[in-house]
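Dropping protein24.cif in here (mmCIF, C-alpha atoms and all ligand atoms):
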data_input
loop_
_atom_site.group_PDB
_atom_site.id
_atom_site.type_symbol
_atom_site.label_atom_id
_atom_site.label_comp_id
_atom_site.auth_asym_id
_atom_site.auth_seq_id
_atom_site.Cartn_x
_atom_site.Cartn_y
_atom_site.Cartn_z
ATOM 1 C CA MET A 1 7.400 -28.285 27.337
ATOM 2 C CA ASN A 2 9.072 -27.106 30.491
ATOM 3 C CA ALA A 3 12.597 -26.025 29.465
ATOM 4 C CA ALA A 4 15.555 -24.304 31.144
ATOM 5 C CA ILE A 5 18.998 -23.025 30.207
ATOM 6 C CA TYR A 6 22.068 -23.548 32.400
ATOM 7 C CA PRO A 7 24.725 -21.090 31.173
ATOM 8 C CA GLY A 8 28.375 -20.954 32.150
ATOM 9 C CA THR A 9 31.926 -20.889 30.890
ATOM 10 C CA PHE A 10 32.587 -24.523 31.915
ATOM 11 C CA ASP A 11 36.384 -24.198 31.621
ATOM 12 C CA PRO A 12 36.203 -27.076 32.382
ATOM 13 C CA LEU A 13 33.043 -28.732 33.692
ATOM 14 C CA THR A 14 33.462 -30.037 37.266
ATOM 15 C CA PHE A 15 31.459 -32.419 39.457
ATOM 16 C CA GLY A 16 29.857 -29.282 40.946
ATOM 17 C CA HIS A 17 28.453 -28.262 37.554
ATOM 18 C CA LEU A 18 27.390 -31.837 36.873
ATOM 19 C CA ASP A 19 25.505 -31.926 40.166
ATOM 20 C CA VAL A 20 23.552 -28.793 39.165
ATOM 21 C CA ILE A 21 22.871 -30.275 35.698
ATOM 22 C CA GLU A 22 21.514 -33.492 37.223
ATOM 23 C CA ARG A 23 19.264 -31.578 39.642
ATOM 24 C CA ALA A 24 17.914 -29.321 36.890
ATOM 25 C CA SER A 25 17.359 -32.248 34.531
ATOM 26 C CA ARG A 26 15.107 -33.851 37.151
ATOM 27 C CA ILE A 27 12.975 -30.695 37.437
ATOM 28 C CA PHE A 28 12.703 -29.680 33.769
ATOM 29 C CA ASP A 29 11.601 -31.698 30.713
ATOM 30 C CA ARG A 30 14.419 -30.194 28.674
ATOM 31 C CA LEU A 31 17.702 -28.644 29.816
ATOM 32 C CA ILE A 32 20.111 -26.770 27.568
ATOM 33 C CA VAL A 33 23.641 -26.437 28.920
ATOM 34 C CA ALA A 34 24.802 -23.251 27.190
ATOM 35 C CA VAL A 35 28.563 -22.844 27.021
ATOM 36 C CA GLY A 36 29.456 -19.159 26.852
ATOM 37 C CA VAL A 37 32.171 -17.960 24.498
ATOM 38 C CA ASN A 38 32.966 -15.425 27.262
ATOM 39 C CA ALA A 39 35.263 -12.793 25.812
ATOM 40 C CA SER A 40 35.978 -11.417 29.300
ATOM 41 C CA LYS A 41 37.826 -14.622 30.312
ATOM 42 C CA GLU A 42 40.735 -16.352 28.624
ATOM 43 C CA PRO A 43 39.578 -19.957 28.707
ATOM 44 C CA LEU A 44 42.082 -22.810 28.698
ATOM 45 C CA PHE A 45 39.806 -24.866 26.421
ATOM 46 C CA THR A 46 38.282 -23.620 23.187
ATOM 47 C CA ILE A 47 34.527 -23.289 22.943
ATOM 48 C CA GLN A 48 34.376 -26.492 20.855
ATOM 49 C CA GLU A 49 36.503 -28.416 23.384
ATOM 50 C CA ARG A 50 34.373 -27.208 26.319
ATOM 51 C CA MET A 51 31.191 -28.203 24.483
ATOM 52 C CA ASP A 52 32.573 -31.613 23.495
ATOM 53 C CA LEU A 53 33.570 -32.334 27.105
ATOM 54 C CA VAL A 54 30.169 -31.320 28.489
ATOM 55 C CA ARG A 55 28.444 -33.355 25.761
ATOM 56 C CA GLU A 56 30.473 -36.454 26.590
ATOM 57 C CA VAL A 57 29.770 -36.179 30.323
ATOM 58 C CA VAL A 58 26.016 -35.492 30.034
ATOM 59 C CA ALA A 59 25.456 -38.151 27.344
ATOM 60 C CA PRO A 60 23.576 -40.456 29.783
ATOM 61 C CA LEU A 61 21.037 -37.693 30.554
ATOM 62 C CA ALA A 62 18.456 -37.992 27.782
ATOM 63 C CA ASN A 63 16.787 -34.605 28.304
ATOM 64 C CA VAL A 64 20.034 -32.569 28.396
ATOM 65 C CA GLU A 65 21.500 -30.920 25.307
ATOM 66 C CA VAL A 66 24.603 -28.803 24.840
ATOM 67 C CA ASP A 67 24.891 -25.592 22.870
ATOM 68 C CA SER A 68 27.078 -22.481 22.781
ATOM 69 C CA PHE A 69 26.214 -18.810 22.927
ATOM 70 C CA ASP A 70 27.887 -15.476 22.413
ATOM 71 C CA GLY A 71 26.608 -12.034 23.340
ATOM 72 C CA LEU A 72 23.778 -11.338 25.762
ATOM 73 C CA LEU A 73 22.454 -14.338 27.628
ATOM 74 C CA VAL A 74 18.862 -13.076 27.677
ATOM 75 C CA GLU A 75 18.894 -12.660 23.888
ATOM 76 C CA TYR A 76 20.043 -16.250 23.580
ATOM 77 C CA CYS A 77 17.171 -17.335 25.885
ATOM 78 C CA ARG A 78 14.711 -15.399 23.731
ATOM 79 C CA ARG A 79 16.012 -17.024 20.552
ATOM 80 C CA LYS A 80 15.575 -20.418 22.193
ATOM 81 C CA GLN A 81 12.166 -19.374 23.594
ATOM 82 C CA VAL A 82 13.191 -20.502 27.061
ATOM 83 C CA HIS A 83 12.138 -18.509 30.125
ATOM 84 C CA ALA A 84 14.016 -20.229 32.934
ATOM 85 C CA LEU A 85 17.700 -19.725 33.697
ATOM 86 C CA ILE A 86 19.536 -22.026 36.098
ATOM 87 C CA ARG A 87 22.504 -20.886 38.177
ATOM 88 C CA GLY A 88 24.297 -22.743 40.940
ATOM 89 C CA LEU A 89 24.821 -21.157 44.347
ATOM 90 C CA ARG A 90 27.776 -22.819 46.019
ATOM 91 C CA ALA A 91 28.308 -20.589 49.006
ATOM 92 C CA PHE A 92 27.414 -17.197 50.384
ATOM 93 C CA SER A 93 30.347 -15.726 48.463
ATOM 94 C CA ASP A 94 28.546 -16.483 45.163
ATOM 95 C CA PHE A 95 25.506 -14.506 46.211
ATOM 96 C CA GLU A 96 26.528 -10.960 45.385
ATOM 97 C CA TYR A 97 27.701 -11.752 41.856
ATOM 98 C CA GLU A 98 24.698 -13.982 41.166
ATOM 99 C CA PHE A 99 22.259 -11.461 42.643
ATOM 100 C CA GLN A 100 23.677 -8.711 40.423
ATOM 101 C CA MET A 101 23.561 -10.907 37.329
ATOM 102 C CA ALA A 102 20.013 -12.156 38.016
ATOM 103 C CA LEU A 103 18.650 -8.644 38.595
ATOM 104 C CA THR A 104 20.446 -7.269 35.524
ATOM 105 C CA ASN A 105 18.999 -10.055 33.409
ATOM 106 C CA ARG A 106 15.545 -9.393 34.909
ATOM 107 C CA LYS A 107 15.835 -5.736 33.988
ATOM 108 C CA LEU A 108 16.830 -6.654 30.421
ATOM 109 C CA ALA A 109 14.212 -9.386 30.082
ATOM 110 C CA PRO A 110 11.490 -9.420 32.764
ATOM 111 C CA GLU A 111 9.903 -12.549 31.283
ATOM 112 C CA ILE A 112 13.009 -14.637 32.117
ATOM 113 C CA GLU A 113 13.286 -16.041 35.629
ATOM 114 C CA THR A 114 16.581 -17.078 37.271
ATOM 115 C CA ILE A 115 16.361 -20.173 39.440
ATOM 116 C CA PHE A 116 19.159 -21.016 41.881
ATOM 117 C CA LEU A 117 20.095 -24.576 42.749
ATOM 118 C CA MET A 118 22.550 -25.583 45.442
ATOM 119 C CA PRO A 119 25.079 -28.247 44.495
ATOM 120 C CA LYS A 120 25.868 -31.005 46.982
ATOM 121 C CA GLU A 121 27.796 -29.630 49.984
ATOM 122 C CA THR A 122 30.806 -31.780 49.109
ATOM 123 C CA HIS A 123 31.154 -29.784 45.871
ATOM 124 C CA SER A 124 30.513 -26.348 47.303
ATOM 125 C CA TYR A 125 34.202 -25.365 47.400
ATOM 126 C CA LEU A 126 34.925 -26.459 43.816
ATOM 127 C CA SER A 127 35.764 -24.084 40.992
ATOM 128 C CA SER A 128 37.131 -24.561 37.498
ATOM 129 C CA SER A 129 40.144 -22.316 38.110
ATOM 130 C CA MET A 130 41.069 -24.286 41.237
ATOM 131 C CA VAL A 131 40.946 -27.522 39.249
ATOM 132 C CA ARG A 132 43.032 -25.994 36.438
ATOM 133 C CA GLY A 133 45.566 -24.831 39.019
ATOM 134 C CA ILE A 134 45.864 -28.246 40.663
ATOM 135 C CA ALA A 135 46.215 -29.947 37.258
ATOM 136 C CA ALA A 136 48.926 -27.474 36.285
ATOM 137 C CA MET A 137 50.889 -28.541 39.371
ATOM 138 C CA LYS A 138 50.338 -32.207 38.507
ATOM 139 C CA GLY A 139 48.028 -32.713 41.499
ATOM 140 C CA ASN A 140 45.307 -35.351 41.644
ATOM 141 C CA ILE A 141 42.016 -34.000 40.283
ATOM 142 C CA GLU A 142 40.150 -37.306 40.247
ATOM 143 C CA GLU A 143 37.697 -36.216 42.945
ATOM 144 C CA PHE A 144 36.854 -32.936 41.234
ATOM 145 C CA VAL A 145 36.120 -33.718 37.594
ATOM 146 C CA PRO A 146 34.730 -36.602 35.523
ATOM 147 C CA PRO A 147 37.329 -38.912 33.872
ATOM 148 C CA ALA A 148 36.928 -37.363 30.378
ATOM 149 C CA VAL A 149 37.664 -33.889 31.786
ATOM 150 C CA ARG A 150 40.613 -35.181 33.816
ATOM 151 C CA GLU A 151 42.148 -36.756 30.712
ATOM 152 C CA ALA A 152 41.631 -33.576 28.681
ATOM 153 C CA LEU A 153 43.198 -31.460 31.439
ATOM 154 C CA GLU A 154 46.161 -33.774 31.772
ATOM 155 C CA ARG A 155 46.702 -33.732 28.004
ATOM 156 C CA ARG A 156 46.454 -29.930 27.903
ATOM 157 C CA VAL A 157 48.145 -28.794 31.096
ATOM 158 C CA VAL A 158 50.752 -31.403 32.012
ATOM 159 C CA PRO A 159 52.800 -31.306 28.764
ATOM 160 C CA ARG A 160 52.971 -27.544 29.227
ATOM 161 C CA VAL A 161 54.268 -27.966 32.811
ATOM 162 C CA ILE A 162 56.796 -30.593 31.715
ATOM 163 C CA ARG A 163 58.022 -28.269 28.936
ATOM 164 C CA ASN A 164 58.393 -25.455 31.482
ATOM 165 C CA ASP A 165 60.225 -27.765 33.944
ATOM 166 C CA ALA A 166 62.601 -28.871 31.187
ATOM 167 C CA ALA A 167 63.252 -25.265 30.172
ATOM 168 C CA SER A 168 64.041 -24.229 33.772
ATOM 169 C CA GLU A 169 66.508 -27.127 34.161
ATOM 170 C CA GLU A 170 68.481 -25.966 31.107
HETATM 171 N N1 LIG B 201 30.403 -26.152 40.554
HETATM 172 C C1 LIG B 201 31.673 -25.795 40.357
HETATM 173 N N2 LIG B 201 32.051 -24.560 40.011
HETATM 174 C C2 LIG B 201 31.077 -23.673 39.852
HETATM 175 C C3 LIG B 201 29.729 -23.967 40.041
HETATM 176 C C4 LIG B 201 29.405 -25.271 40.420
HETATM 177 N N3 LIG B 201 28.148 -25.659 40.622
HETATM 178 N N4 LIG B 201 29.016 -22.849 39.818
HETATM 179 C C5 LIG B 201 29.894 -21.886 39.510
HETATM 180 N N5 LIG B 201 31.143 -22.394 39.527
HETATM 181 C C6 LIG B 201 32.399 -21.669 39.310
HETATM 182 C C7 LIG B 201 33.025 -21.957 37.981
HETATM 183 O O1 LIG B 201 33.872 -23.070 38.098
HETATM 184 C C8 LIG B 201 33.793 -20.672 37.734
HETATM 185 O O2 LIG B 201 34.997 -20.746 38.419
HETATM 186 P P1 LIG B 201 36.303 -19.967 37.950
HETATM 187 O O3 LIG B 201 35.898 -18.551 37.661
HETATM 188 O O4 LIG B 201 37.180 -20.124 39.125
HETATM 189 O O5 LIG B 201 36.830 -20.651 36.755
HETATM 190 C C9 LIG B 201 32.921 -19.612 38.396
HETATM 191 O O6 LIG B 201 32.131 -20.295 39.324
HETATM 192 C C10 LIG B 201 31.963 -18.902 37.497
HETATM 193 O O7 LIG B 201 31.704 -19.704 36.403
HETATM 194 P P2 LIG B 201 30.384 -19.925 35.593
HETATM 195 O O8 LIG B 201 29.294 -20.468 36.411
HETATM 196 O O9 LIG B 201 30.798 -20.722 34.418
HETATM 197 O O10 LIG B 201 29.926 -18.482 35.233
HETATM 198 P P3 LIG B 201 30.691 -17.313 34.534
HETATM 199 O O11 LIG B 201 30.666 -16.219 35.510
HETATM 200 O O12 LIG B 201 31.987 -17.711 33.977
HETATM 201 O O13 LIG B 201 29.756 -17.051 33.283
HETATM 202 C C11 LIG B 201 27.753 -16.358 32.215
HETATM 203 C C12 LIG B 201 28.454 -16.736 33.477
HETATM 204 C C13 LIG B 201 28.327 -17.026 30.964
HETATM 205 C C14 LIG B 201 26.365 -16.866 32.433
HETATM 206 C C15 LIG B 201 27.801 -14.818 32.118
HETATM 207 O O14 LIG B 201 29.127 -14.395 31.982
HETATM 208 C C16 LIG B 201 26.968 -14.286 30.981
HETATM 209 O O15 LIG B 201 25.762 -14.265 31.056
HETATM 210 N N6 LIG B 201 27.604 -13.824 29.910
HETATM 211 C C17 LIG B 201 26.907 -13.247 28.761
HETATM 212 C C18 LIG B 201 26.902 -11.734 28.776
HETATM 213 C C19 LIG B 201 25.651 -11.188 29.424
HETATM 214 O O16 LIG B 201 24.541 -11.565 29.140
HETATM 215 N N7 LIG B 201 25.854 -10.223 30.333
HETATM 216 C C20 LIG B 201 24.772 -9.603 31.072
HETATM 217 C C21 LIG B 201 24.379 -10.434 32.270
HETATM 218 S S1 LIG B 201 25.007 -9.744 33.744
#

As a first step, turn the structure in this file into structure tokens.
Ligand code: COA
Amino acid sequence: MNAAIYPGTFDPLTFGHLDVIERASRIFDRLIVAVGVNASKEPLFTIQERMDLVREVVAPLANVEVDSFDGLLVEYCRRKQVHALIRGLRAFSDFEYEFQMALTNRKLAPEIETIFLMPKETHSYLSSSMVRGIAAMKGNIEEFVPPAVREALERRVVPRVIRNDAASEE
């Protein structure tokens, strides 16, 4: 079976990520979306919340499953016996970071190949931190994230903003 892993922090999943997932799911028989614990970031959503949101959004895609990983990505791929890694390339600015990561992973595990997919141009400017920022300022994020993610963001971020507003009025 032709399988691939799409790793990321997904804090939270956006339409840009979903676009990459849909493209990869058309190419591979089986796609694992691997949500990274990522100790180097301070995610807004817990690992379980990020996984639950991805799972809800990808539910219609029969060949896509959701998992989490901690530690080295290539070791996770080896445990899963998967040799293809998917990464999205949104714009030229992604290239240097992705190039470095792909070559480092190749050095660590030459049997694993990184495959880059380009999300739809209309999503090429999107990032999770931008969406979190807009939600925190009570902006409209409808065009950036699926409804389940929007609701989760509004539940998480907006009460915090309202609390802060109330505190600054006192
Ligand atoms: N649509 C929207 N946003 C996208 C995107 C797309 N198609 N592709 C990337 N992004 C954005 C994300 O929203 C995120 O934005 P933010 O930083 O503003 O929140 C940013 O690009 C990067 O996110 P992501 O794709 O989730 O990658 P990451 O850099 O957070 O994590 C891992 C990448 C998890 C794969 C990497 O950290 C990893 O492999 N960790 C394990 C440790 C390891 O093996 N290290 C050695 C390898 S170098």

Report as a PyMOL selection string which protein, DNA and RNA residues come within 6 Å of ligand LIG 201 (chain B), using all atoms listed in the file. chain A and resi 7-10+14+16-17+20+36+71-73+88+101+104-105+119+126-129

Please write as number ranges by chain the full residue list that the PyMOL selection byres (((chain A and resi 47-56) around 8) and not hetatm) yields on this file. A: 10-13, 35-37, 45-46, 57-59, 65-68, 148-149

Within 9 Å of Val157 (chain A), counting all atoms listed in the file, which residues show up once you throw out same-chain ones fewer than 6 positions away? Write them as a list in words, please. Leu44, Arg132, Ala135, Ala136, Met137 and Lys138 of chain A

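Nearest to Phe99 (chain A) of all the residues A:Asn38, A:Asn140, A:Gln81, A:Thr114 is A:Thr114, based on only C-alpha atoms.
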
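A straight line drawn from CA of Tyr125 (chain A) to CA of Pro146 (chain A) is 16.4 Å long.
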
Two-atom distance - CA of Ala34 (chain A), CA of Ala152 (chain A) (Å): 19.8 Å

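The coordinates place CA of Ser124 (chain A) at 27.3 Å from CA of Asp70 (chain A).
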
Can you pull out every residue within 10 Å of Ala62 (chain A), counting only C-alpha atoms, but drop anything in the same chain fewer than 4 positions away, and send it as an MDAnalysis selection string? chainID A and resid 25 29:31 58

Keeping C-alpha atoms, export the residues of the selection given above as a PDB file, in the coordinates of the input.
ATOM      1  CA  SER A  25      17.359 -32.248  34.531  1.00  0.00           C
ATOM      2  CA  ASP A  29      11.601 -31.698  30.713  1.00  0.00           C
ATOM      3  CA  ARG A  30      14.419 -30.194  28.674  1.00  0.00           C
ATOM      4  CA  LEU A  31      17.702 -28.644  29.816  1.00  0.00           C
ATOM      5  CA  VAL A  58      26.016 -35.492  30.034  1.00  0.00           C
TER       6      VAL A  58
END

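This file, queried with the PyMOL selection byres (((chain A and resi 26) around 12) and not hetatm), gives the residues Asn2, Ala3, Ala4, Asp19, Val20, Ile21, Glu22, Arg23, Ala24, Ser25, Ile27, Phe28, Asp29, Arg30, Leu31, Leu61, Ala62, Asn63, Val64 and Leu117 of chain A.
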
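Proximity to Ile115 (chain A) was assessed for A:Ala91, A:Ile134, A:Leu85, A:Met1 counting all atoms listed in the file; the smallest distance is recorded for A:Leu85.
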
Box along x, y and z, 3 Å on every side, all listed atoms of region 52-64 of chain A inside: centre and edge lengths in Å to one decimal, as AutoDock Vina command-line options.
--center_x 25.2 --center_y -35.9 --center_z 27.0 --size_x 22.8 --size_y 15.1 --size_z 13.1
